[in-house]
>>> print(open('model38.cif').read())   # mmCIF, C-alpha atoms
data_start
#
loop_
_atom_site.label_atom_id
_atom_site.label_comp_id
_atom_site.auth_asym_id
_atom_site.auth_seq_id
_atom_site.Cartn_x
_atom_site.Cartn_y
_atom_site.Cartn_z
CA MET A 1 8.40 18.55 16.41
CA VAL A 2 9.06 15.15 18.00
CA ASP A 3 12.68 14.33 18.89
CA ILE A 4 12.56 10.84 17.38
CA ALA A 5 15.98 9.73 18.65
CA THR A 6 15.10 10.59 22.26
CA ARG A 7 11.71 8.93 21.89
CA VAL A 8 13.39 5.76 20.62
CA TRP A 9 15.93 5.85 23.47
CA ASN A 10 13.09 6.04 26.00
CA HIS A 11 10.86 3.51 24.21
CA LYS A 12 7.95 2.06 26.10
CA TRP A 13 5.49 0.64 23.61
CA LYS A 14 2.41 1.50 25.65
CA ILE A 15 3.44 5.14 25.13
CA ASP A 16 4.40 4.55 21.51
CA PRO A 17 2.31 1.67 20.17
CA ILE A 18 3.24 0.87 16.60
CA VAL A 19 -0.32 1.17 15.28
CA ARG A 20 -2.22 3.96 17.01
CA SER A 21 -5.57 3.85 15.30
CA LEU A 22 -7.76 1.82 12.95
CA ILE A 23 -7.23 4.63 10.44
CA ASP A 24 -3.44 4.32 10.72
CA THR A 25 -3.83 2.57 7.38
CA ASP A 26 -3.87 3.35 3.68
CA PHE A 27 -6.84 5.23 2.26
CA TYR A 28 -7.32 2.74 -0.56
CA LYS A 29 -7.97 -0.02 2.00
CA LEU A 30 -10.99 1.87 3.30
CA LEU A 31 -12.26 2.61 -0.21
CA MET A 32 -11.88 -1.06 -1.17
CA CYS A 33 -13.38 -2.18 2.12
CA GLN A 34 -16.54 -0.20 1.45
CA SER A 35 -16.78 -1.77 -2.03
CA VAL A 36 -16.29 -5.26 -0.58
CA PHE A 37 -18.78 -4.53 2.22
CA ARG A 38 -21.33 -3.67 -0.45
CA ASN A 39 -20.62 -6.40 -3.02
CA HIS A 40 -19.01 -9.39 -1.22
CA PRO A 41 -19.65 -9.05 2.53
CA ASN A 42 -19.83 -12.81 3.19
CA THR A 43 -16.83 -13.97 1.16
CA GLN A 44 -14.36 -15.82 3.41
CA VAL A 45 -10.77 -14.77 2.80
CA THR A 46 -7.34 -15.73 4.17
CA PHE A 47 -4.49 -13.21 4.29
CA SER A 48 -0.91 -14.29 4.89
CA LEU A 49 2.39 -12.54 5.61
CA ILE A 50 5.04 -13.21 2.94
CA ASN A 51 8.69 -12.22 3.43
CA ARG A 52 10.29 -12.12 -0.02
CA THR A 53 13.70 -11.33 1.50
CA LYS A 54 14.51 -14.72 2.99
CA THR A 55 17.93 -13.61 4.25
CA ILE A 56 16.19 -11.52 6.91
CA ARG A 57 15.08 -14.09 9.46
CA LEU A 58 12.33 -12.20 11.19
CA ALA A 59 11.57 -14.79 13.86
CA GLU A 60 15.18 -14.53 15.07
CA LEU A 61 15.10 -10.72 15.15
CA ILE A 62 11.66 -10.03 16.60
CA ASP A 63 10.54 -11.32 19.99
CA GLU A 64 7.31 -13.32 19.67
CA GLY A 65 5.94 -11.89 22.91
CA GLU A 66 6.44 -8.32 21.67
CA LEU A 67 4.79 -9.17 18.37
CA ARG A 68 1.77 -10.72 20.07
CA GLU A 69 1.50 -7.73 22.40
CA GLN A 70 1.39 -5.33 19.47
CA LEU A 71 -1.11 -7.46 17.50
CA ASP A 72 -3.33 -7.78 20.57
CA HIS A 73 -3.17 -4.00 20.99
CA ILE A 74 -4.37 -3.55 17.40
CA ARG A 75 -7.34 -5.82 18.14
CA SER A 76 -8.23 -3.54 21.06
CA LEU A 77 -8.53 -0.47 18.82
CA ARG A 78 -11.88 1.04 17.90
CA LEU A 79 -12.73 3.98 15.68
CA THR A 80 -12.80 7.14 17.80
CA ARG A 81 -15.50 9.78 17.59
CA GLY A 82 -13.09 12.23 15.95
CA GLU A 83 -11.99 9.69 13.37
CA SER A 84 -15.56 8.80 12.56
CA THR A 85 -16.46 12.47 12.16
CA TRP A 86 -13.50 12.98 9.82
CA LEU A 87 -14.47 10.02 7.64
CA ARG A 88 -18.16 10.88 7.60
CA GLY A 89 -17.86 14.61 7.03
CA ASN A 90 -14.61 15.28 5.20
CA THR A 91 -14.30 15.89 1.45
CA PHE A 92 -12.21 13.26 -0.37
CA TYR A 93 -11.40 13.64 -4.05
CA GLY A 94 -13.92 16.48 -4.20
CA LYS A 95 -16.76 14.38 -2.82
CA ARG A 96 -18.45 14.75 0.56
CA GLN A 97 -19.78 11.70 2.39
CA MET A 98 -17.54 9.34 0.43
CA PHE A 99 -18.25 6.68 3.03
CA ARG A 100 -21.86 5.51 3.22
CA PRO A 101 -23.77 5.54 6.53
CA ASP A 102 -24.23 1.73 6.61
CA PHE A 103 -20.51 1.18 6.05
CA MET A 104 -19.58 3.74 8.71
CA GLU A 105 -21.92 2.16 11.25
CA TRP A 106 -20.27 -1.21 10.59
CA PHE A 107 -16.76 0.30 10.79
CA GLU A 108 -17.52 2.10 14.06
CA ASN A 109 -18.33 -1.25 15.67
CA LEU A 110 -15.48 -3.22 14.12
CA GLN A 111 -12.98 -5.28 16.07
CA LEU A 112 -10.32 -6.86 13.87
CA PRO A 113 -10.65 -10.67 13.87
CA PRO A 114 -8.18 -13.04 15.58
CA TYR A 115 -4.79 -13.84 14.07
CA HIS A 116 -2.77 -17.05 13.87
CA LEU A 117 0.98 -16.80 14.54
CA GLU A 118 3.73 -19.41 14.56
CA LYS A 119 7.42 -19.70 13.79
CA LYS A 120 8.78 -21.76 10.91
CA ASP A 121 12.33 -21.88 9.51
CA GLY A 122 13.34 -18.55 11.03
CA GLN A 123 10.26 -16.74 9.76
CA TYR A 124 6.87 -15.86 11.20
CA GLU A 125 3.79 -17.41 9.66
CA LEU A 126 1.10 -14.84 10.35
CA THR A 127 -2.37 -15.43 8.92
CA PHE A 128 -5.81 -13.91 9.24
CA GLU A 129 -9.05 -15.65 8.32
CA GLY A 130 -12.65 -14.46 8.23
CA SER A 131 -15.09 -12.33 6.28
CA TRP A 132 -13.39 -10.30 3.59
CA PRO A 133 -14.30 -6.78 4.84
CA GLU A 134 -12.92 -7.54 8.32
CA VAL A 135 -9.82 -9.53 7.40
CA MET A 136 -8.61 -7.15 4.69
CA LEU A 137 -8.10 -4.38 7.26
CA TRP A 138 -5.33 -6.42 8.92
CA GLU A 139 -2.97 -6.04 5.94
CA ILE A 140 -1.48 -2.60 6.54
CA PRO A 141 -1.21 -2.69 10.36
CA ALA A 142 0.33 -6.18 10.22
CA LEU A 143 3.02 -5.02 7.79
CA ALA A 144 3.69 -1.79 9.70
CA THR A 145 4.02 -3.77 12.94
CA ILE A 146 6.56 -6.24 11.57
CA MET A 147 8.59 -3.50 9.89
CA GLU A 148 8.77 -1.34 13.00
CA LEU A 149 9.53 -4.22 15.34
CA ARG A 150 12.43 -5.08 13.08
CA SER A 151 13.61 -1.46 13.28
CA ARG A 152 13.27 -1.47 17.08
CA ALA A 153 15.24 -4.73 17.32
CA VAL A 154 18.17 -3.11 15.50
CA LEU A 155 17.91 0.20 17.37
CA ARG A 156 17.70 -1.44 20.81
CA ASP A 157 21.46 -1.87 21.12
CA MET A 158 22.35 1.66 20.00
CA GLY A 159 23.52 4.31 22.41
CA ARG A 160 21.89 7.69 22.86
CA PHE A 161 24.36 9.66 20.73
CA GLU A 162 24.47 6.91 18.12
CA LEU A 163 20.69 7.23 17.76
CA GLN A 164 20.94 11.01 17.46
CA VAL A 165 23.51 10.70 14.69
CA LEU A 166 21.55 7.95 12.91
CA TYR A 167 18.38 10.04 12.69
CA ALA A 168 20.34 13.18 11.78
CA ARG A 169 21.86 11.29 8.85
CA ALA A 170 18.49 9.87 7.80
CA MET A 171 16.92 13.34 7.95
CA THR A 172 19.75 14.77 5.89
CA LYS A 173 19.37 11.95 3.36
CA LEU A 174 15.67 12.62 2.92
CA TRP A 175 16.13 16.39 2.75
CA GLU A 176 18.73 16.01 0.02
CA LYS A 177 16.08 14.11 -1.96
CA VAL A 178 13.63 16.94 -1.36
CA GLU A 179 16.19 19.40 -2.71
CA GLN A 180 16.63 17.29 -5.84
CA LEU A 181 12.88 17.15 -6.40
CA ARG A 182 12.06 20.76 -5.60
CA PRO A 183 13.11 22.29 -8.97
CA ILE A 184 10.89 19.94 -11.03
CA GLU A 185 8.19 22.02 -12.66
CA GLY A 186 4.74 20.47 -12.39
CA LEU A 187 5.80 17.67 -10.03
CA LYS A 188 2.95 15.85 -8.28
CA LEU A 189 4.02 13.40 -5.58
CA ALA A 190 2.26 11.65 -2.70
CA ASP A 191 3.41 9.50 0.22
CA PHE A 192 2.58 5.80 -0.31
CA GLY A 193 4.93 4.55 2.41
CA THR A 194 2.76 3.27 5.28
CA ARG A 195 3.12 -0.47 4.79
CA ARG A 196 6.91 -0.64 4.87
CA ARG A 197 7.78 2.42 6.92
CA HIS A 198 10.64 2.58 9.41
CA SER A 199 8.17 3.68 12.08
CA TYR A 200 5.02 5.75 12.50
CA LEU A 201 6.95 8.69 13.96
CA TRP A 202 9.39 8.59 11.05
CA GLN A 203 6.62 8.49 8.43
CA ASP A 204 4.98 11.47 10.09
CA TRP A 205 8.30 13.34 10.05
CA CYS A 206 8.81 12.52 6.37
CA VAL A 207 5.36 13.80 5.48
CA GLN A 208 5.99 17.07 7.32
CA ALA A 209 9.34 17.42 5.54
CA MET A 210 7.63 16.94 2.18
CA MET A 211 4.94 19.47 3.07
CA GLU A 212 7.54 22.12 3.88
CA GLY A 213 10.08 21.20 1.23
CA LEU A 214 7.83 20.58 -1.77
CA GLY A 215 4.81 22.76 -1.02
CA ASN A 216 2.00 22.22 -3.52
CA SER A 217 4.02 19.59 -5.38
CA PHE A 218 3.34 17.29 -2.44
CA THR A 219 -0.26 16.22 -2.95
CA GLY A 220 -0.92 14.20 0.21
CA THR A 221 -0.45 10.88 1.95
CA SER A 222 -2.01 7.44 1.73
CA ASN A 223 -2.03 7.28 5.54
CA CYS A 224 -5.47 8.30 6.81
CA ARG A 225 -4.40 9.18 10.34
CA ILE A 226 -1.52 11.36 9.20
CA ALA A 227 -3.79 12.99 6.59
CA MET A 228 -6.27 13.82 9.35
CA MET A 229 -3.64 15.05 11.83
CA ARG A 230 -1.71 17.14 9.28
CA GLU A 231 -4.84 18.36 7.44
CA ILE A 232 -3.71 17.20 4.00
CA GLU A 233 -5.31 15.05 1.30
CA ALA A 234 -5.79 11.31 1.81
CA ILE A 235 -4.60 9.62 -1.40
CA GLY A 236 -5.42 6.19 -2.85
CA THR A 237 -7.71 4.23 -5.17
CA ASN A 238 -7.64 0.42 -5.37
CA ALA A 239 -5.18 -2.48 -5.37
CA HIS A 240 -4.50 -5.98 -6.72
CA GLU A 241 -6.47 -7.53 -3.88
CA LEU A 242 -9.81 -6.90 -5.62
CA PRO A 243 -9.10 -8.71 -8.92
CA MET A 244 -7.20 -11.49 -7.11
CA VAL A 245 -10.21 -12.36 -4.96
CA TYR A 246 -12.80 -11.83 -7.71
CA ALA A 247 -10.76 -14.16 -9.92
CA ALA A 248 -10.56 -16.83 -7.22
CA LEU A 249 -14.37 -16.78 -6.98
CA ALA A 250 -14.80 -17.44 -10.71
CA ASP A 251 -16.25 -20.87 -11.53
CA THR A 252 -15.13 -21.13 -15.17
CA ASP A 253 -12.28 -19.96 -17.38
CA ALA A 254 -14.66 -17.53 -19.09
CA GLN A 255 -15.66 -16.02 -15.74
CA LEU A 256 -12.00 -15.88 -14.75
CA LEU A 257 -11.16 -13.92 -17.91
CA GLN A 258 -14.00 -11.49 -17.19
CA SER A 259 -13.26 -11.03 -13.47
CA PRO A 260 -10.86 -8.02 -13.68
CA TYR A 261 -13.53 -6.05 -15.53
CA ASP A 262 -16.23 -7.10 -13.05
CA VAL A 263 -14.09 -5.46 -10.36
CA LEU A 264 -13.97 -2.16 -12.24
CA SER A 265 -17.66 -2.31 -13.13
CA ASP A 266 -18.47 -2.51 -9.40
CA TRP A 267 -15.97 0.28 -8.71
CA GLN A 268 -17.51 2.53 -11.36
CA GLU A 269 -20.88 2.33 -9.63
CA GLU A 270 -19.40 4.03 -6.55
CA HIS A 271 -16.66 6.35 -7.77
CA ASP A 272 -15.88 8.89 -10.47
CA GLY A 273 -13.17 11.44 -11.33
CA ASN A 274 -9.67 10.76 -10.01
CA LEU A 275 -10.81 7.60 -8.26
CA ARG A 276 -11.37 5.95 -11.63
CA ILE A 277 -7.79 4.74 -12.00
CA ILE A 278 -7.08 1.45 -13.80
CA LEU A 279 -4.57 -0.96 -12.21
CA PRO A 280 -4.04 -3.31 -15.17
CA ASP A 281 -1.13 -5.59 -14.23
CA THR A 282 -2.64 -8.17 -11.85
CA PHE A 283 -2.84 -10.78 -14.61
CA GLY A 284 -0.67 -9.06 -17.19
CA THR A 285 -1.16 -5.57 -18.59
CA LYS A 286 -1.04 -6.36 -22.30
CA GLY A 287 -3.88 -8.87 -22.26
CA PHE A 288 -5.91 -6.71 -19.90
CA LEU A 289 -5.73 -3.72 -22.25
CA ASP A 290 -6.27 -5.78 -25.41
CA ARG A 291 -9.54 -7.17 -24.01
CA ALA A 292 -10.67 -4.07 -22.08
CA PRO A 293 -14.19 -2.81 -22.80
CA ASP A 294 -14.42 0.64 -24.41
CA TRP A 295 -15.98 2.24 -21.32
CA LEU A 296 -12.68 1.79 -19.45
CA ALA A 297 -10.90 4.06 -21.92
CA GLY A 298 -12.95 6.92 -20.53
CA TRP A 299 -11.54 6.48 -17.05
CA THR A 300 -9.23 9.15 -15.66
CA GLY A 301 -5.93 7.29 -15.65
CA MET A 302 -3.78 4.28 -14.97
CA ARG A 303 -1.39 3.18 -12.21
CA ILE A 304 1.89 1.52 -13.26
CA ASP A 305 2.97 -0.86 -10.50
CA SER A 306 5.17 -3.59 -11.97
CA GLY A 307 7.51 -4.31 -14.86
CA ASP A 308 9.49 -1.54 -16.52
CA PRO A 309 7.61 1.68 -15.67
CA ALA A 310 8.54 3.52 -18.87
CA THR A 311 7.31 0.60 -20.98
CA GLY A 312 4.11 0.51 -18.94
CA ALA A 313 3.48 4.21 -19.53
CA GLU A 314 4.18 3.92 -23.27
CA ASN A 315 1.71 1.03 -23.46
CA ALA A 316 -0.90 3.15 -21.67
CA ILE A 317 -0.37 6.06 -24.06
CA ASN A 318 -0.65 3.81 -27.13
CA TRP A 319 -3.78 2.14 -25.73
CA TRP A 320 -5.51 5.46 -25.10
CA LYS A 321 -4.65 6.61 -28.63
CA SER A 322 -6.02 3.35 -30.07
CA ARG A 323 -9.29 3.96 -28.24
CA GLY A 324 -9.66 7.52 -29.50
CA GLU A 325 -8.62 9.19 -26.22
CA ASP A 326 -6.20 12.10 -25.73
CA PRO A 327 -3.30 10.85 -23.55
CA THR A 328 -2.35 14.40 -22.51
CA LYS A 329 -5.59 14.54 -20.53
CA LYS A 330 -4.96 11.19 -18.82
CA LEU A 331 -3.25 10.60 -15.49
CA VAL A 332 -0.39 8.09 -15.12
CA ILE A 333 0.56 7.21 -11.54
CA PHE A 334 3.95 5.54 -11.05
CA SER A 335 4.12 3.60 -7.78
CA ASP A 336 6.62 0.73 -8.01
CA GLY A 337 10.01 0.85 -6.28
CA LEU A 338 10.53 4.58 -6.77
CA ASP A 339 13.42 6.70 -5.62
CA VAL A 340 14.57 10.16 -6.65
CA ASP A 341 16.59 9.17 -9.74
CA LYS A 342 13.69 7.15 -11.18
CA ILE A 343 11.19 9.93 -10.38
CA LEU A 344 13.40 12.48 -12.17
CA GLU A 345 13.83 10.18 -15.17
CA LEU A 346 10.15 9.30 -15.55
CA HIS A 347 8.96 12.87 -15.07
CA SER A 348 11.38 14.09 -17.74
CA GLN A 349 10.25 11.35 -20.14
CA PHE A 350 6.47 11.70 -19.74
CA ALA A 351 5.64 15.22 -18.53
CA GLY A 352 3.51 16.89 -21.20
CA ARG A 353 2.64 13.58 -22.84
CA VAL A 354 0.38 12.57 -19.93
CA ARG A 355 -0.45 14.02 -16.54
CA VAL A 356 2.27 12.48 -14.38
CA SER A 357 2.00 11.63 -10.68
CA PHE A 358 4.08 9.57 -8.28
CA GLY A 359 3.20 7.43 -5.28
CA TRP A 360 6.49 7.31 -3.38
CA GLY A 361 6.70 4.48 -0.88
CA THR A 362 9.47 2.65 0.92
CA MET A 363 12.40 4.77 -0.24
CA MET A 364 10.66 7.81 1.22
CA THR A 365 9.60 6.39 4.58
CA ASN A 366 12.30 3.77 5.18
CA ASP A 367 15.54 4.73 3.46
CA PHE A 368 18.09 3.91 6.14
CA LYS A 369 20.34 2.12 3.63
CA GLY A 370 23.98 2.46 4.54
CA LEU A 371 23.26 4.15 7.88
CA SER A 372 23.77 1.25 10.30
CA ALA A 373 26.36 -1.46 10.90
CA GLY A 374 25.94 -4.34 8.49
CA ASP A 375 23.19 -2.33 6.78
CA ALA A 376 20.84 -3.84 9.37
CA LEU A 377 18.18 -1.15 8.77
CA ALA A 378 18.02 -1.45 4.98
CA PRO A 379 14.43 -1.91 3.77
CA PHE A 380 13.30 -5.33 2.61
CA SER A 381 10.40 -6.80 0.67
CA LEU A 382 7.52 -7.81 2.94
CA VAL A 383 3.91 -8.20 1.79
CA CYS A 384 0.63 -9.40 3.28
CA LYS A 385 -1.66 -10.77 0.60
CA ALA A 386 -5.00 -12.48 0.18
CA VAL A 387 -3.99 -16.10 -0.46
CA ALA A 388 -7.41 -17.78 -0.54
CA ALA A 389 -11.08 -16.89 -1.07
CA ASN A 390 -13.90 -19.28 -0.17
CA GLY A 391 -11.32 -22.05 0.01
CA ARG A 392 -9.81 -21.37 -3.43
CA PRO A 393 -6.23 -20.12 -3.88
CA THR A 394 -5.61 -16.63 -5.23
CA VAL A 395 -3.09 -15.81 -7.93
CA LYS A 396 -1.18 -12.73 -8.97
CA LEU A 397 0.84 -12.78 -12.19
CA SER A 398 2.02 -9.13 -12.41
CA ASP A 399 4.15 -7.78 -15.25
CA ASN A 400 7.19 -9.04 -13.36
CA PRO A 401 7.35 -12.82 -12.82
CA ASN A 402 9.41 -12.19 -9.67
CA LYS A 403 6.22 -10.77 -8.13
CA ALA A 404 4.00 -13.68 -9.16
CA MET A 405 2.31 -15.54 -6.32
CA GLY A 406 0.02 -18.54 -5.93
CA PRO A 407 0.24 -22.33 -6.39
CA LEU A 408 2.31 -23.27 -9.45
CA ASP A 409 -0.52 -25.17 -11.15
CA GLU A 410 -2.86 -22.21 -10.72
CA ILE A 411 -0.22 -19.78 -12.01
CA THR A 412 0.10 -21.98 -15.10
CA ARG A 413 -3.69 -22.01 -15.56
CA TYR A 414 -3.97 -18.23 -15.16
CA LYS A 415 -1.18 -17.67 -17.69
CA ARG A 416 -3.06 -19.85 -20.16
CA VAL A 417 -6.42 -18.15 -19.58
CA PHE A 418 -5.01 -14.61 -19.69
CA GLY A 419 -2.59 -15.34 -22.53
CA VAL A 420 0.55 -14.33 -20.65
CA GLY A 421 3.75 -15.27 -22.48
CA GLU A 422 7.38 -14.62 -21.63
CA GLN A 423 7.99 -11.72 -19.25
CA ASP A 424 11.15 -9.83 -18.31
CA ARG A 425 12.27 -10.37 -14.74
CA VAL A 426 12.94 -7.28 -12.64
CA ASP A 427 14.59 -7.48 -9.21
CA VAL A 428 12.16 -6.83 -6.37
CA LEU A 429 14.00 -4.69 -3.83
CA VAL A 430 11.08 -3.38 -1.74
#
>>> encode(input="model38.cif", output="structure tokens")
Amino acid sequence: MVDIATRVWNHKWKIDPIVRSLIDTDFYKLLMCQSVFRNHPNTQVTFSLINRTKTIRLAELIDEGELREQLDHIRSLRLTRGESTWLRGNTFYGKRQMFRPDFMEWFENLQLPPYHLEKKDGQYELTFEGSWPEVMLWEIPALATIMELRSRAVLRDMGRFELQVLYARAMTKLWEKVEQLRPIEGLKLADFGTRRRHSYLWQDWCVQAMMEGLGNSFTGTSNCRIAMMREIEAIGTNAHELPMVYAALADTDAQLLQSPYDVLSDWQEEHDGNLRIILPDTFGTKGFLDRAPDWLAGWTGMRIDSGDPATGAENAINWWKSRGEDPTKKLVIFSDGLDVDKILELHSQFAGRVRVSFGWGTMMTNDFKGLSAGDALAPFSLVCKAVAANGRPTVKLSDNPNKAMGPLDEITRYKRVFGVGEQDRVDVLV
């Protein structure tokens, strides 16, 4: 097993690049990319980095030269023969050849498009523009790069023994969480922590700890490279990006209202089983479910990713009942801001009423809270989102207005079209 503290002490990024592979990304990005490659290959999209935690002034912490060096390195990456073989031949969600030959041929020849980087008010403005299938694959590596460079900036001034103690404490902290989770009967939990991880090496360590500590209760990781290296399941379905861009492409209010269902209609043509998971909150869950076509009720489950998670799960259960479905056969995936206490609470509340699963993110792969002076390694809220499609702004409403994004006039229009009223605000920590 890698001695992370020693590796950090001896850091040379050419030995330890932050992003090591084009599949050092989340599985759902590749699934979505194939769908976009098939249905919207020529759509022009802009992605932008957004730091929600303004108190962390990234441009003052992270050297611009280092950041450019890492981003340039990512642009030099190509899919390796072994990675291509794994994607082409492996079984994902019970299906062989999940990725189509035309998509794989395109992916094998992909170079990520150029980036635009500048400093403004103590933050980095990092944007990517180009065809949707190419640009969307920048999201995860861009986030992982910024997060790890921030970690390295804090760690740079620590001594050798200080680093050893820091990582020993972080390992102990994670293992104590494992010990709390281990007794839960029927627990199903996956790693969703790539985008805001402390580092690649740390995420890999966390995954191995979960494998040993939780056994079959640990169902896999969203990170494709780690899934391949550790021979475990790659986990993921789809994200808000799809309905955000589809909505931006709509020409009328009627088309806008229909756009979230157009996304899932396209998805249904490619996927079945546990990949048919509804993510209903992009423009407000209540309205989405009220207007949902009956065929969606037959899907496998629903992911709860904003607002109060217990309320979201209760709404899902009531919706399934209203559509003549048995909730006990449905899968509910909780994935928003989880830590051990919330996982324990939600599992206790919903186990037996639905099939419960958890996508555990930042507080698994980046919980260094309270372990460094001034809490300088505490996780923070950083996202990289599609902000425009074919020149039109994108919007996300969410079930938590603190997560809403887009121009104010467009947010107002979307709320009118989707019938979104008052919403409860929930603090966004990560």
>>> residues_around(input="model38.cif", residues="Ala386 of chain A", least_positions_apart="2", cutoff="7 Å", atoms="only C-alpha atoms", output="PDB file with C-alpha atoms, in the coordinates of the input")
ATOM      1  CA  VAL A  45     -10.770 -14.770   2.800  1.00  0.00           C
ATOM      2  CA  THR A  46      -7.340 -15.730   4.170  1.00  0.00           C
ATOM      3  CA  PHE A  47      -4.490 -13.210   4.290  1.00  0.00           C
ATOM      4  CA  SER A  48      -0.910 -14.290   4.890  1.00  0.00           C
ATOM      5  CA  GLU A 241      -6.470  -7.530  -3.880  1.00  0.00           C
ATOM      6  CA  ALA A 388      -7.410 -17.780  -0.540  1.00  0.00           C
ATOM      7  CA  THR A 394      -5.610 -16.630  -5.230  1.00  0.00           C
TER       8      THR A 394
END
>>> closest_atom_pairs(input="model38.cif", of="segment 278-334 of chain A", to="segment 340-347 of chain A", cutoff="12 Å", atoms="all atoms listed in the file", output="tab-separated table")
residue	atom	partner	partner_atom	distance
A:Ile304	CA	A:Leu346	CA	11.6
A:Asp308	CA	A:Leu346	CA	10.9
A:Pro309	CA	A:Leu346	CA	8.0
A:Ala310	CA	A:Leu346	CA	6.9
A:Thr311	CA	A:Leu346	CA	10.6
A:Gly312	CA	A:Leu346	CA	11.2
A:Ala313	CA	A:Leu346	CA	9.3
A:Glu314	CA	A:Leu346	CA	11.1
A:Val332	CA	A:His347	CA	10.5
A:Ile333	CA	A:Leu346	CA	10.6
A:Phe334	CA	A:Ile343	CA	8.5
>>> atom_distance(input="model38.cif", atom1="atom CA of Ser199 of chain A", atom2="atom CA of Pro133 of chain A")
25.8 Å
>>> resolve_selection(input="model38.cif", expression="the PyMOL selection byres ((chain A and resi 108-116) around 8)", output="count of residues only")
24
>>> residues_around(input="model38.cif", residues="Phe288 of chain A", least_positions_apart="6", cutoff="8 Å", atoms="all atoms listed in the file", output="NGL selection string")
:A and (280-281 or 418)
>>> closest_residue(input="model38.cif", among="A:Arg276, A:Arg303, A:Arg196, A:Lys396", to="Arg413 of chain A", atoms="only C-alpha atoms")
A:Lys396
>>> atom_distance(input="model38.cif", atom1="atom CA of Gly284 of chain A", atom2="atom CA of Asn366 of chain A")
28.9 Å
>>> atom_distance(input="model38.cif", atom1="atom CA of Trp320 of chain A", atom2="atom CA of Asp339 of chain A")
27.2 Å
>>> residues_near_point(input="model38.cif", point="(13.6, 22.0, -3.9)", cutoff="12 Å", atoms="only C-alpha atoms", output="PyMOL selection string")
chain A and resi 174-185+187+209-218
>>> closest_residue(input="model38.cif", among="A:Tyr200, A:Thr221, A:Cys384, A:Ser35", to="Arg100 of chain A", atoms="all atoms listed in the file")
A:Ser35
>>> closest_residue(input="model38.cif", among="A:Val395, A:Leu58, A:Ala234, A:Ile18", to="Gly122 of chain A", atoms="all atoms listed in the file")
A:Leu58
>>> resolve_selection(input="model38.cif", expression="the PyMOL selection byres ((chain A and resi 356) around 10)", output="PyMOL selection string")
chain A and resi 186-189+301+313+328+330-334+346-355+357-358
>>> residues_around(input="model38.cif", residues="Thr282 of chain A", least_positions_apart="2", cutoff="12 Å", atoms="only C-alpha atoms", output="ChimeraX atom specification")
/A:238-247,257,259-261,263,278-280,284-289,303-307,394-401,403-405,411,414-415,418,420
>>> closest_residue(input="model38.cif", among="A:Asp204, A:Pro17, A:Val417, A:His40", to="Gly220 of chain A", atoms="all atoms listed in the file")
A:Asp204
>>> residues_around(input="model38.cif", residues="segment 154-160 of chain A", least_positions_apart="3", cutoff="10 Å", atoms="only C-alpha atoms", output="list in words")
Ala5, Thr6, Val8, Trp9, Asn10, His11, Leu61, Ile62, Glu148, Leu149, Arg150, Ser151, Leu163, Gln164, Val165, Leu166, Ser372, Ala373, Ala376 and Leu377 of chain A
>>> write_last_selection(input="model38.cif", atoms="C-alpha atoms", output="PDB file, in the coordinates of the input")
ATOM      1  CA  ALA A   5      15.980   9.730  18.650  1.00  0.00           C
ATOM      2  CA  THR A   6      15.100  10.590  22.260  1.00  0.00           C
ATOM      3  CA  VAL A   8      13.390   5.760  20.620  1.00  0.00           C
ATOM      4  CA  TRP A   9      15.930   5.850  23.470  1.00  0.00           C
ATOM      5  CA  ASN A  10      13.090   6.040  26.000  1.00  0.00           C
ATOM      6  CA  HIS A  11      10.860   3.510  24.210  1.00  0.00           C
ATOM      7  CA  LEU A  61      15.100 -10.720  15.150  1.00  0.00           C
ATOM      8  CA  ILE A  62      11.660 -10.030  16.600  1.00  0.00           C
ATOM      9  CA  GLU A 148       8.770  -1.340  13.000  1.00  0.00           C
ATOM     10  CA  LEU A 149       9.530  -4.220  15.340  1.00  0.00           C
ATOM     11  CA  ARG A 150      12.430  -5.080  13.080  1.00  0.00           C
ATOM     12  CA  SER A 151      13.610  -1.460  13.280  1.00  0.00           C
ATOM     13  CA  LEU A 163      20.690   7.230  17.760  1.00  0.00           C
ATOM     14  CA  GLN A 164      20.940  11.010  17.460  1.00  0.00           C
ATOM     15  CA  VAL A 165      23.510  10.700  14.690  1.00  0.00           C
ATOM     16  CA  LEU A 166      21.550   7.950  12.910  1.00  0.00           C
ATOM     17  CA  SER A 372      23.770   1.250  10.300  1.00  0.00           C
ATOM     18  CA  ALA A 373      26.360  -1.460  10.900  1.00  0.00           C
ATOM     19  CA  ALA A 376      20.840  -3.840   9.370  1.00  0.00           C
ATOM     20  CA  LEU A 377      18.180  -1.150   8.770  1.00  0.00           C
TER      21      LEU A 377
END
>>> residues_around(input="model38.cif", residues="Gly89 of chain A", least_positions_apart="4", cutoff="12 Å", atoms="only C-alpha atoms", output="list in words")
Arg81, Gly82, Glu83, Ser84, Thr85, Lys95, Arg96, Gln97, Met98, Phe99, Arg100, Pro101, Met104 and Met228 of chain A
>>> closest_residue(input="model38.cif", among="A:Leu143, A:Ile235, A:Val426, A:Ala168", to="Gly94 of chain A", atoms="all atoms listed in the file")
A:Ile235
>>> axis_aligned_box(input="model38.cif", around="segment 391-409 of chain A", padding_each_side="8 Å", output="AutoDock Vina command-line options")
--center_x -1.0 --center_y -16.5 --center_z -7.6 --size_x 36.7 --size_y 33.4 --size_z 31.3
>>> resolve_selection(input="model38.cif", expression="the PyMOL selection byres ((chain A and resi 361) around 8)", output="PyMOL selection string")
chain A and resi 191-194+196+335+337-338+359-360+362-365
>>> closest_residue(input="model38.cif", among="A:Phe380, A:Trp86, A:Trp267, A:Trp319", to="Asn39 of chain A", atoms="all atoms listed in the file")
A:Trp267
